[in-house]
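Enquirer: Following this line is start_22.txt, made up of compact mmCIF, C-alpha atoms and all ligand atoms:
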# COMPACT_ATOMS: atom_id res chain seq x y z
CA MET G 144 -5.91 -25.36 -20.20
CA GLN G 145 -3.91 -25.45 -17.01
CA MET G 146 -3.26 -22.04 -15.43
CA LYS G 147 0.41 -21.18 -15.26
CA ASN G 148 1.94 -20.13 -11.96
CA ASN G 149 3.19 -16.56 -11.69
CA LEU G 150 6.87 -16.66 -10.68
CA LEU G 151 6.38 -13.39 -8.78
CA ASP G 152 4.13 -15.21 -6.31
CA TYR G 153 7.06 -17.10 -4.79
CA THR G 154 9.44 -16.17 -2.04
CA MET G 155 12.99 -17.46 -2.52
CA GLU G 156 12.39 -20.27 -0.03
CA GLU G 157 9.20 -21.36 -1.77
CA LEU G 158 10.75 -21.30 -5.24
CA GLN G 159 13.72 -23.32 -4.03
CA ASP G 160 11.33 -25.92 -2.58
CA VAL G 161 9.16 -26.26 -5.69
CA LEU G 162 12.10 -26.38 -8.07
CA VAL G 163 13.82 -29.05 -6.01
CA ALA G 164 10.54 -31.01 -5.89
CA GLU G 165 10.33 -30.70 -9.69
CA GLY G 166 13.85 -32.08 -10.10
CA TYR G 167 15.92 -28.91 -10.50
CA SER G 168 18.68 -27.47 -8.37
CA LYS G 169 18.05 -25.20 -5.41
CA PHE G 170 20.53 -22.77 -6.93
CA SER G 171 18.38 -22.23 -10.02
CA ALA G 172 15.89 -20.32 -7.82
CA LYS G 173 18.66 -17.84 -7.01
CA GLN G 174 19.47 -17.47 -10.71
CA ILE G 175 15.81 -16.91 -11.57
CA PHE G 176 15.48 -14.26 -8.84
CA ASP G 177 18.56 -12.58 -10.24
CA TRP G 178 17.03 -12.29 -13.72
CA ILE G 179 13.70 -11.06 -12.44
CA TYR G 180 14.62 -8.74 -9.60
CA LYS G 181 18.19 -7.63 -10.30
CA LYS G 182 18.43 -7.61 -14.09
CA LYS G 183 14.70 -6.96 -14.43
CA ASP G 184 14.63 -9.12 -17.54
CA LEU G 185 11.32 -10.97 -17.58
CA ASN G 186 11.85 -12.92 -20.79
CA PHE G 187 12.83 -16.57 -20.12
CA ASP G 188 14.51 -16.73 -23.56
CA ASN G 189 17.16 -14.25 -22.43
CA TRP G 190 18.07 -16.16 -19.28
CA SER G 191 21.46 -17.31 -20.53
CA ASN G 192 22.61 -19.22 -17.44
CA ILE G 193 19.38 -21.25 -17.17
CA SER G 194 19.49 -24.70 -18.78
CA LYS G 195 17.43 -25.42 -21.89
CA LYS G 196 15.55 -28.09 -19.95
CA LEU G 197 14.55 -25.72 -17.15
CA LYS G 198 13.52 -23.04 -19.65
CA VAL G 199 11.17 -25.51 -21.38
CA HIS G 200 9.80 -26.45 -17.95
CA LEU G 201 9.31 -22.80 -17.01
CA ASP G 202 7.59 -22.12 -20.34
CA GLU G 203 5.18 -24.96 -19.75
CA PHE G 204 4.22 -24.28 -16.13
CA TYR G 205 5.21 -20.73 -15.24
CA GLU G 206 4.77 -17.18 -16.40
CA ILE G 207 5.55 -13.68 -15.20
CA THR G 208 2.52 -11.44 -15.33
CA LEU G 209 2.53 -7.79 -14.33
CA PRO G 210 -0.38 -5.41 -13.91
CA GLU G 211 -0.93 -3.18 -16.92
CA VAL G 212 -0.86 0.62 -16.72
CA VAL G 213 -4.18 1.74 -18.19
CA TRP G 214 -4.02 5.34 -17.07
CA SER G 215 -1.44 7.58 -15.48
CA GLY G 216 -1.60 11.18 -14.39
CA LEU G 217 1.05 13.64 -13.20
CA SER G 218 0.06 16.18 -10.58
CA LYS G 219 1.43 19.71 -10.33
CA ASP G 220 3.27 18.64 -7.15
CA GLY G 221 5.04 15.76 -8.89
CA THR G 222 2.77 13.00 -7.58
CA ARG G 223 2.01 10.38 -10.18
CA LYS G 224 -1.11 8.36 -10.04
CA PHE G 225 -1.63 5.08 -11.86
CA LEU G 226 -4.61 2.96 -12.59
CA LEU G 227 -3.49 -0.62 -13.05
CA LYS G 228 -5.44 -3.42 -14.66
CA LEU G 229 -5.07 -6.97 -13.36
CA SER G 230 -5.37 -10.16 -15.41
CA ASP G 231 -9.10 -10.51 -14.60
CA ASN G 232 -9.71 -6.88 -15.68
CA GLU G 233 -10.17 -5.64 -12.10
CA THR G 234 -8.46 -2.31 -11.51
CA ILE G 235 -6.40 -0.99 -8.61
CA GLU G 236 -4.59 2.25 -7.91
CA SER G 237 -1.01 2.97 -7.09
CA VAL G 238 0.53 6.36 -6.40
CA LEU G 239 4.13 7.60 -6.52
CA ILE G 240 4.86 10.45 -4.13
CA PRO G 241 8.18 12.27 -4.44
CA ALA G 242 9.87 13.98 -1.49
CA ARG G 243 13.32 15.49 -1.14
CA ASP G 244 15.29 12.29 -0.66
CA ARG G 245 12.78 9.60 -1.51
CA LEU G 246 10.16 8.34 -3.89
CA THR G 247 7.37 6.55 -2.06
CA GLN G 248 4.96 4.14 -3.70
CA CYS G 249 1.55 3.70 -2.17
CA VAL G 250 0.46 0.16 -3.00
CA SER G 251 -2.95 -1.51 -2.88
CA SER G 252 -3.46 -4.81 -1.09
CA GLN G 253 -7.02 -5.67 -2.14
CA VAL G 254 -9.55 -4.84 -4.87
CA GLY G 255 -11.97 -2.76 -2.79
CA CYS G 256 -12.11 -3.14 0.98
CA ALA G 257 -14.41 -4.90 3.44
CA ILE G 258 -13.92 -2.49 6.33
CA GLY G 259 -16.34 0.14 5.01
CA CYS G 260 -15.02 3.30 6.65
CA THR G 261 -17.61 6.01 6.06
CA PHE G 262 -15.06 8.62 4.92
CA CYS G 263 -13.29 6.39 2.40
CA HIS G 264 -14.06 6.08 -1.28
CA THR G 265 -12.71 2.53 -1.39
CA GLY G 266 -14.77 1.61 1.65
CA THR G 267 -17.97 2.37 -0.22
CA GLN G 268 -17.17 -0.30 -2.81
CA GLY G 269 -16.99 -3.34 -0.56
CA LEU G 270 -14.38 -6.07 -1.04
CA LYS G 271 -14.01 -7.65 -4.47
CA ARG G 272 -11.00 -9.85 -3.76
CA ASN G 273 -7.56 -10.10 -2.24
CA LEU G 274 -4.51 -9.31 -4.33
CA THR G 275 -1.98 -12.10 -4.86
CA PRO G 276 1.63 -11.57 -3.72
CA ALA G 277 2.53 -11.14 -7.41
CA GLU G 278 -0.08 -8.43 -7.83
CA ILE G 279 1.30 -6.58 -4.80
CA THR G 280 5.00 -6.67 -5.66
CA GLY G 281 3.99 -6.45 -9.34
CA GLN G 282 2.77 -2.89 -8.71
CA TYR G 283 6.30 -1.98 -7.61
CA LEU G 284 8.05 -3.84 -10.42
CA LYS G 285 5.67 -2.48 -13.05
CA LEU G 286 6.12 1.13 -11.96
CA THR G 287 9.90 0.68 -11.66
CA LEU G 288 9.93 -0.46 -15.31
CA TRP G 289 7.48 2.30 -16.27
CA LEU G 290 9.71 4.96 -14.71
CA ALA G 291 12.77 3.60 -16.51
CA GLU G 292 10.90 3.76 -19.80
CA ASN G 293 9.02 7.02 -19.33
CA VAL G 294 11.06 9.13 -16.93
CA HIS G 295 14.66 8.04 -16.34
CA VAL G 296 16.49 4.71 -16.13
CA GLU G 297 18.02 5.71 -12.81
CA GLU G 298 14.69 6.62 -11.20
CA ARG G 299 14.24 4.43 -8.09
CA ILE G 300 11.23 3.89 -5.87
CA THR G 301 12.79 3.96 -2.40
CA ASN G 302 9.85 3.47 -0.02
CA ILE G 303 6.64 1.46 0.09
CA VAL G 304 3.49 2.26 2.05
CA TYR G 305 0.53 -0.10 2.20
CA MET G 306 -1.89 2.79 2.05
CA GLY G 307 -3.64 2.22 -1.24
CA GLN G 308 -6.87 0.35 -1.54
CA GLY G 309 -7.65 -2.43 0.88
CA GLU G 310 -6.91 -3.46 4.44
CA PRO G 311 -3.50 -5.15 4.26
CA LEU G 312 -3.97 -7.22 7.40
CA HIS G 313 -7.21 -8.62 5.98
CA ASN G 314 -4.98 -10.18 3.30
CA PHE G 315 -2.32 -11.20 5.82
CA ASN G 316 -0.59 -14.11 4.07
CA ASN G 317 -0.27 -12.53 0.64
CA VAL G 318 0.87 -9.19 2.05
CA LYS G 319 3.37 -11.09 4.20
CA LYS G 320 4.83 -12.92 1.18
CA ALA G 321 4.99 -9.69 -0.82
CA THR G 322 6.73 -7.98 2.10
CA ILE G 323 9.27 -10.80 2.35
CA ASN G 324 10.15 -10.15 -1.30
CA PHE G 325 10.25 -6.38 -0.84
CA LEU G 326 12.84 -6.95 1.90
CA ASP G 327 14.80 -9.92 0.53
CA ASP G 328 18.24 -8.94 -0.75
CA HIS G 329 17.84 -11.54 -3.50
CA ALA G 330 14.64 -9.76 -4.57
CA PHE G 331 13.94 -6.01 -4.15
CA GLY G 332 16.18 -5.57 -1.10
CA LEU G 333 14.44 -2.57 0.48
CA GLY G 334 15.32 -1.72 4.08
CA GLN G 335 12.87 -2.50 6.88
CA ARG G 336 12.47 1.15 7.69
CA ARG G 337 11.44 1.90 4.13
CA ILE G 338 8.22 -0.10 4.30
CA THR G 339 5.12 0.94 6.26
CA LEU G 340 1.93 -1.03 6.70
CA SER G 341 -1.17 0.93 7.62
CA THR G 342 -4.07 -0.87 9.29
CA SER G 343 -7.54 0.17 10.33
CA GLY G 344 -7.10 -1.93 13.46
CA LEU G 345 -7.84 -5.56 12.69
CA VAL G 346 -7.10 -6.76 16.23
CA PRO G 347 -6.67 -10.55 15.68
CA LYS G 348 -4.19 -9.87 12.89
CA ILE G 349 -2.34 -7.17 14.82
CA LYS G 350 -1.75 -9.87 17.42
CA MET G 351 -0.14 -11.98 14.68
CA LEU G 352 2.43 -9.36 13.72
CA HIS G 353 5.13 -11.30 15.59
CA ASP G 354 4.84 -13.63 12.59
CA PHE G 355 5.39 -10.84 10.06
CA PRO G 356 8.60 -9.25 8.77
CA PRO G 357 9.65 -6.30 10.99
CA ILE G 358 8.46 -3.20 9.13
CA ASN G 359 6.94 0.10 10.29
CA ILE G 360 3.36 -0.09 11.47
CA ALA G 361 0.82 2.71 11.19
CA ILE G 362 -2.56 2.53 12.89
CA SER G 363 -5.48 4.46 11.42
CA LEU G 364 -6.82 5.85 14.68
CA HIS G 365 -8.86 8.87 13.54
CA SER G 366 -10.52 9.38 16.92
CA SER G 367 -9.82 8.85 20.59
CA ASN G 368 -13.51 8.50 21.31
CA ASN G 369 -15.25 5.16 20.77
CA ASP G 370 -18.55 6.64 19.54
CA THR G 371 -16.88 8.90 16.98
CA ARG G 372 -14.51 6.16 15.88
CA THR G 373 -17.40 3.74 15.38
CA GLU G 374 -19.18 6.34 13.28
CA LEU G 375 -16.11 6.70 11.07
CA MET G 376 -14.91 3.11 11.12
CA PRO G 377 -17.45 0.32 11.66
CA ILE G 378 -14.55 -1.98 12.63
CA ASN G 379 -14.51 -0.14 15.96
CA LYS G 380 -17.76 -1.90 16.90
CA ALA G 381 -15.96 -5.23 16.90
CA TYR G 382 -12.56 -3.98 18.03
CA ASP G 383 -12.94 -0.86 20.12
CA LEU G 384 -10.13 1.36 21.40
CA GLU G 385 -9.51 -0.76 24.48
CA ARG G 386 -9.08 -3.96 22.49
CA LEU G 387 -7.08 -2.12 19.84
CA PHE G 388 -4.54 -0.78 22.32
CA GLU G 389 -4.30 -4.10 24.10
CA ALA G 390 -3.35 -5.62 20.71
CA ILE G 391 -0.94 -2.79 19.86
CA LYS G 392 1.03 -3.64 23.03
CA THR G 393 1.84 -7.04 21.49
CA ILE G 394 3.49 -5.56 18.37
CA PRO G 395 7.18 -6.43 18.45
CA LEU G 396 9.07 -3.17 17.99
CA LYS G 397 12.74 -2.84 17.21
CA ALA G 398 14.73 -0.49 19.42
CA HIS G 399 13.81 3.18 19.05
CA ARG G 400 10.97 2.43 16.67
CA ARG G 401 7.58 3.89 17.27
CA ILE G 402 4.08 3.20 16.08
CA THR G 403 2.64 5.85 13.80
CA TYR G 404 -0.93 6.89 14.47
CA GLU G 405 -2.77 8.31 11.51
CA TYR G 406 -5.39 10.86 12.43
CA LEU G 407 -7.74 11.85 9.65
CA LEU G 408 -8.82 15.35 10.62
CA ILE G 409 -12.42 16.08 9.62
CA ASP G 410 -14.16 19.41 10.04
CA GLY G 411 -16.44 19.40 13.09
CA VAL G 412 -16.12 15.64 13.64
CA ASN G 413 -12.82 15.07 15.45
CA ASP G 414 -11.06 18.45 15.47
CA GLN G 415 -12.21 19.88 18.82
CA GLN G 416 -10.28 20.55 22.03
CA SER G 417 -11.88 17.46 23.62
CA ASP G 418 -10.62 15.30 20.73
CA LEU G 419 -7.12 16.61 21.24
CA ASP G 420 -7.24 16.01 25.01
CA GLY G 421 -8.57 12.48 24.44
CA LEU G 422 -5.77 11.74 22.01
CA CYS G 423 -3.17 12.83 24.56
CA GLU G 424 -4.73 10.63 27.21
CA LEU G 425 -4.63 7.66 24.87
CA LEU G 426 -1.15 7.97 23.37
CA ASN G 427 2.22 7.69 24.99
CA ARG G 428 4.57 10.50 23.92
CA ARG G 429 7.68 8.40 23.58
CA GLU G 430 6.13 5.43 21.83
CA SER G 431 4.03 7.22 19.24
CA LYS G 432 4.27 9.41 16.20
CA ILE G 433 1.14 11.21 15.07
CA ASN G 434 0.44 11.86 11.43
CA ILE G 435 -2.47 14.22 10.83
CA ILE G 436 -4.16 13.68 7.47
CA PRO G 437 -6.49 16.51 6.48
CA PHE G 438 -9.62 14.88 5.07
CA ASN G 439 -9.58 14.95 1.30
CA GLU G 440 -13.02 15.82 -0.03
CA TYR G 441 -14.36 14.03 -3.07
CA PRO G 442 -17.56 14.44 -5.05
CA GLY G 443 -20.39 13.16 -2.88
CA SER G 444 -18.36 12.83 0.35
CA GLU G 445 -20.42 13.54 3.45
CA TYR G 446 -17.51 15.03 5.39
CA LYS G 447 -15.64 18.30 4.99
CA LYS G 448 -11.94 19.01 5.02
CA PRO G 449 -10.68 20.66 8.23
CA LYS G 450 -10.03 24.38 8.41
CA LYS G 451 -6.39 25.29 7.84
CA ASP G 452 -5.99 27.20 11.10
CA VAL G 453 -7.60 24.33 13.05
CA THR G 454 -5.21 21.83 11.42
CA ILE G 455 -2.21 23.96 12.37
CA TRP G 456 -3.55 24.49 15.90
CA PHE G 457 -4.09 20.72 16.32
CA MET G 458 -0.54 19.95 15.22
CA ASN G 459 1.12 22.74 17.19
CA GLU G 460 -0.76 21.83 20.34
CA LEU G 461 0.31 18.18 20.07
CA ASN G 462 3.90 19.24 19.47
CA ARG G 463 3.70 21.62 22.43
CA ARG G 464 2.54 18.75 24.63
CA GLY G 465 5.60 16.74 23.65
CA TYR G 466 4.32 14.60 20.79
CA THR G 467 6.07 14.05 17.50
CA CYS G 468 3.40 15.19 15.12
CA THR G 469 3.34 16.05 11.43
CA VAL G 470 0.64 17.00 8.95
CA ARG G 471 0.55 15.00 5.75
CA GLN G 472 0.32 17.37 2.85
CA ALA G 473 -2.47 16.61 0.44
CA LYS G 474 -0.78 15.13 -2.60
CA GLY G 475 -2.00 15.05 -6.12
CA ASP G 476 -5.35 16.69 -5.36
CA ASP G 477 -5.69 17.72 -8.97
CA ILE G 478 -5.53 14.07 -10.10
CA LEU G 479 -7.93 12.53 -7.56
CA ALA G 480 -5.07 11.03 -5.56
CA ALA G 481 -6.96 10.23 -2.36
CA CYS G 482 -7.67 6.65 -1.48
CA GLY G 483 -9.90 4.92 -4.03
CA GLN G 484 -11.08 7.98 -5.88
CA LEU G 485 -9.53 7.37 -9.24
CA LYS G 486 -10.74 3.79 -9.47
CA THR G 487 -14.29 4.78 -8.57
CA GLU G 488 -14.40 7.52 -11.17
CA TYR G 489 -12.85 5.20 -13.69
CA ASP G 490 -15.33 2.42 -13.01
CA LYS G 491 -18.13 4.89 -13.64
CA ILE G 492 -16.99 5.47 -17.18
CA ASN G 493 -15.82 1.88 -17.49
CA LEU G 494 -14.01 2.26 -20.77
CA TRP G 495 -10.88 0.54 -21.95
CA LYS G 496 -9.36 2.94 -24.42
CA PRO G 497 -5.79 3.88 -25.26
CA GLU G 498 -4.08 5.77 -22.47
CA GLU G 499 -4.22 9.26 -23.94
CA GLU G 500 -7.87 9.22 -24.76
CA LYS G 501 -8.75 7.88 -21.35
CA SER G 502 -6.83 10.56 -19.51
CA GLU G 503 -8.89 13.16 -21.33
CA ARG G 504 -12.05 11.50 -20.19
CA LEU G 505 -10.90 11.17 -16.62
CA ARG G 506 -10.13 14.84 -16.40
CA LEU G 507 -13.77 15.56 -17.05
CA PHE G 508 -14.57 14.52 -13.48
N1 LIG E 601 -6.88 0.18 4.99
C1 LIG E 601 -5.73 0.70 5.59
C2 LIG E 601 -4.71 1.22 4.61
C3 LIG E 601 -5.26 1.95 3.41
S1 LIG E 601 -6.10 3.47 3.72
C4 LIG E 601 -6.08 1.77 6.60
O1 LIG E 601 -7.22 2.21 6.64
O2 LIG E 601 -5.21 2.13 7.40
C5 LIG E 601 -4.71 4.54 4.00
C6 LIG E 601 -5.05 5.86 4.65
O3 LIG E 601 -5.83 6.68 3.76
C7 LIG E 601 -5.87 5.69 5.92
O4 LIG E 601 -5.23 6.28 7.02
C8 LIG E 601 -7.15 6.39 5.56
O5 LIG E 601 -7.69 6.95 6.69
C9 LIG E 601 -6.73 7.41 4.53
N2 LIG E 601 -7.88 7.92 3.79
C10 LIG E 601 -8.95 7.26 3.33
N3 LIG E 601 -9.84 8.10 2.74
C11 LIG E 601 -9.30 9.33 2.83
C12 LIG E 601 -9.74 10.64 2.42
N4 LIG E 601 -10.87 10.82 1.79
N5 LIG E 601 -8.93 11.69 2.70
C13 LIG E 601 -7.74 11.51 3.31
N6 LIG E 601 -7.28 10.30 3.71
C14 LIG E 601 -8.05 9.24 3.49
FE1 LIG E 602 -10.58 0.12 3.94
FE2 LIG E 602 -8.61 1.73 4.83
FE3 LIG E 602 -10.60 2.70 3.27
FE4 LIG E 602 -11.12 1.99 5.78
S1 LIG E 602 -9.73 3.63 5.11
S2 LIG E 602 -12.35 1.45 3.99
S3 LIG E 602 -9.79 0.23 6.03
S4 LIG E 602 -9.05 1.19 2.68
Will you turn the file into structure tokens for me?
Ligand code: SAH
Ligand code: SF4

Expert:
Amino acid sequence: MQMKNNLLDYTMEELQDVLVAEGYSKFSAKQIFDWIYKKKDLNFDNWSNISKKLKVHLDEFYEITLPEVVWSGLSKDGTRKFLLKLSDNETIESVLIPARDRLTQCVSSQVGCAIGCTFCHTGTQGLKRNLTPAEITGQYLKLTLWLAENVHVEERITNIVYMGQGEPLHNFNNVKKATINFLDDHAFGLGQRRITLSTSGLVPKIKMLHDFPPINIAISLHSSNNDTRTELMPINKAYDLERLFEAIKTIPLKAHRRITYEYLLIDGVNDQQSDLDGLCELLNRRESKINIIPFNEYPGSEYKKPKKDVTIWFMNELNRRGYTCTVRQAKGDDILAACGQLKTEYDKINLWKPEEEKSERLRLF
């Protein structure tokens, strides 16, 4: 049997091209986008302004497949964590993080990750495969529909961060297509400032960001010292700090926008005075924002979370020296919300049971 194409894989331009090539009007792509992304009606049968002939054609060659929610958990702080199952039974995580005026979704870009950072749960799994554009935007569409059904019809996810599993720039083309649809007014229509891509520093792909929609970029820096950074992130062997910053200079930035540097603070590893001084030597005050992420311990992790007073000292000192610096609050600790943890625990028990029963089992960890 021939595999059907997932309509969510297409950007507007691509769908227009294929439909025209298949003998249909360019305008029908706009109508299809309207049903999917605006009306959020995924059933071809309901698409009243689409001709019978095109519907038959769509039925034969196309489908709309979304990831399935196999587990969800609500943290005391309002963070919701989801384990999503893809059509080949692989699982990925997605997290919804509420703040005063926004609801941010942390999306995955790959199943597993090839970069192998020593502090990261996902990194220990290696790369299974890239996600398709449909599986990336599908996380957003699925959780939008889930919220409407389970929380409130008016609940909107306002921001996207590529900070789930995977290295988004390692899956450049699919993440690019997904981002085009996140931004496109005919599709999800999110503003450029509402999307942030976080990268571990894949230098050749950073140099290709001129060919990527203009969204916020975050660099996972984690250390200003090459030896320490290599210990934490093996990618630093291939692309050390010098090459990384040379590449960062090529990122096209819109006026007044800055690069965010993520700094995972780990007890005794990168939280000393010398680390702070090194960071200040490396980063330009006006062009950078620093986001300190206290390391989130997980069962079996070889690192320790930083001391509270050290974290506050690190942030205050950076602020005092003129940097814009914030500490990211740990979210959803009680539901294993740090990168890759839920999936790993879930894979251990490897059971496909109804949602309720599974959540009981997951809480055992
Ligand atoms: N691969 C990309 C994006 C996904 S990881 C990247 O590395 O930038 C997103 C963020 O989660 C990274 O900044 C990473 O350092 C952080 N992270 C990974 N493991 C963590 C842990 N155990 N505690 C806190 N943050 C973690
Ligand atoms: Fe991959 Fe990011 Fe985890 Fe490193 S921190 S292993 S790049 S997901």

Enquirer: Distance limit 8 Å, reference ligand LIG 601 (chain E), atoms considered: only C-alpha atoms and all ligand atoms. Which residues make the cut? Give them as a ChimeraX atom specification.

Expert: /G:251,256,258,260,262-265,305-311,340-344,361-365,405-407,436-441,444,473,481-483

Enquirer: Go ahead and dump the residues you just picked, C-alpha atoms, as an mmCIF file, keeping the file's coordinate frame.

Expert:
data_model
loop_
_atom_site.group_PDB
_atom_site.id
_atom_site.type_symbol
_atom_site.label_atom_id
_atom_site.label_comp_id
_atom_site.auth_asym_id
_atom_site.auth_seq_id
_atom_site.Cartn_x
_atom_site.Cartn_y
_atom_site.Cartn_z
ATOM 1 C CA SER G 251 -2.950 -1.510 -2.880
ATOM 2 C CA CYS G 256 -12.110 -3.140 0.980
ATOM 3 C CA ILE G 258 -13.920 -2.490 6.330
ATOM 4 C CA CYS G 260 -15.020 3.300 6.650
ATOM 5 C CA PHE G 262 -15.060 8.620 4.920
ATOM 6 C CA CYS G 263 -13.290 6.390 2.400
ATOM 7 C CA HIS G 264 -14.060 6.080 -1.280
ATOM 8 C CA THR G 265 -12.710 2.530 -1.390
ATOM 9 C CA TYR G 305 0.530 -0.100 2.200
ATOM 10 C CA MET G 306 -1.890 2.790 2.050
ATOM 11 C CA GLY G 307 -3.640 2.220 -1.240
ATOM 12 C CA GLN G 308 -6.870 0.350 -1.540
ATOM 13 C CA GLY G 309 -7.650 -2.430 0.880
ATOM 14 C CA GLU G 310 -6.910 -3.460 4.440
ATOM 15 C CA PRO G 311 -3.500 -5.150 4.260
ATOM 16 C CA LEU G 340 1.930 -1.030 6.700
ATOM 17 C CA SER G 341 -1.170 0.930 7.620
ATOM 18 C CA THR G 342 -4.070 -0.870 9.290
ATOM 19 C CA SER G 343 -7.540 0.170 10.330
ATOM 20 C CA GLY G 344 -7.100 -1.930 13.460
ATOM 21 C CA ALA G 361 0.820 2.710 11.190
ATOM 22 C CA ILE G 362 -2.560 2.530 12.890
ATOM 23 C CA SER G 363 -5.480 4.460 11.420
ATOM 24 C CA LEU G 364 -6.820 5.850 14.680
ATOM 25 C CA HIS G 365 -8.860 8.870 13.540
ATOM 26 C CA GLU G 405 -2.770 8.310 11.510
ATOM 27 C CA TYR G 406 -5.390 10.860 12.430
ATOM 28 C CA LEU G 407 -7.740 11.850 9.650
ATOM 29 C CA ILE G 436 -4.160 13.680 7.470
ATOM 30 C CA PRO G 437 -6.490 16.510 6.480
ATOM 31 C CA PHE G 438 -9.620 14.880 5.070
ATOM 32 C CA ASN G 439 -9.580 14.950 1.300
ATOM 33 C CA GLU G 440 -13.020 15.820 -0.030
ATOM 34 C CA TYR G 441 -14.360 14.030 -3.070
ATOM 35 C CA SER G 444 -18.360 12.830 0.350
ATOM 36 C CA ALA G 473 -2.470 16.610 0.440
ATOM 37 C CA ALA G 481 -6.960 10.230 -2.360
ATOM 38 C CA CYS G 482 -7.670 6.650 -1.480
ATOM 39 C CA GLY G 483 -9.900 4.920 -4.030
#

Enquirer: I'd like the neighbourhood of range 271-288 of chain G as number ranges by chain, where a residue qualifies if any of its atoms comes within 8 Å (using only C-alpha atoms), though same-chain residues fewer than 2 positions away should be ignored.

Expert: G: 149-153, 208-211, 227, 229, 237, 248, 250-256, 269, 290-292, 298-300, 314, 317-318, 320-321, 324-325

Enquirer: Restricting the calculation to only C-alpha atoms and all ligand atoms, which member of G:Asn293, G:Thr247, G:Asn379, G:Thr469 is positioned closest to ligand LIG 602 (chain E)?

Expert: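 The closest residue to ligand LIG 602 (chain E) is G:Asn379.
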
Enquirer: Give me, as a tab-separated table, the closest atom pair and its distance (Å, one decimal) for every residue of range 277-380 of chain G within a cut-off of 12 Å of range 166-174 of chain G, counting all atoms listed in the file, rows sorted by chain and rising number.

Expert:
residue	atom	partner	partner_atom	distance
G:Asp327	CA	G:Lys173	CA	11.6
G:Asp328	CA	G:Lys173	CA	10.9
G:His329	CA	G:Lys173	CA	7.3
G:Ala330	CA	G:Lys173	CA	9.3

Enquirer: Go through G:Gln472, G:Ile240, G:Gly332, G:Leu408 one by one, measure the shortest atom-to-atom distance of each to Asp177 in chain G using all atoms listed in the file, and give the residue with the smallest value.

Expert: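 Of all the options, G:Gly332 lies closest to Asp177 in chain G.
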
Enquirer: Ranking G:Gly216, G:Pro357, G:Pro377, G:Gly221 by minimum distance to ligand LIG 602 (chain E) and counting all atoms listed in the file, which one comes first?

Expert: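 Among G:Gly216, G:Pro357, G:Pro377, G:Gly221, it is G:Pro377 that comes nearest to ligand LIG 602 (chain E).
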
Enquirer: Using Å and a single decimal, report how far CA of Asp202 in chain G sits from CA of Trp190 in chain G.

Expert: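 Separation between CA of Trp190 in chain G and CA of Asp202 in chain G: 12.1 Å.
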
Enquirer: Please compute the CA of Glu297 in chain G-CA of Leu246 in chain G distance, one decimal, in Å.

Expert: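 Answer for the CA of Glu297 in chain G to CA of Leu246 in chain G separation: 12.2 Å.
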
Enquirer: G:Cys468, G:Val304, G:Ile378, G:Ile360: which is nearest Pro395 in chain G, counting only C-alpha atoms?

Expert: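 Looking only at the distances to Pro395 in chain G, the closest residue turns out to be G:Ile360.
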
Enquirer: Kindly indicate which residue among G:Lys447, G:Lys350, G:Arg245, G:Lys319 lies nearest to Asp414 in chain G, using all atoms listed in the file for the distances.

Expert: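 Closest to Asp414 in chain G, using all atoms listed in the file: G:Lys447.
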
Enquirer: Calculated over all atoms listed in the file, which of the candidates G:Leu384, G:Cys423, G:Ala257, G:Leu461 has the smallest distance to ligand LIG 602 (chain E)?

Expert: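 Among the listed residues, the smallest separation from ligand LIG 602 (chain E) belongs to G:Ala257.
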
Enquirer: State, in Å with one decimal place, the distance from CA of Ile394 in chain G to CA of Met351 in chain G.

Expert: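 Between CA of Ile394 in chain G and CA of Met351 in chain G the gap works out to 8.2 Å.
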
Enquirer: Name the residues within 10 Å of (-7.5, -15.6, -18.9), counting all atoms listed in the file in the file's coordinates, and put them as a ChimeraX atom specification.

Expert: /G:144,146,230-232
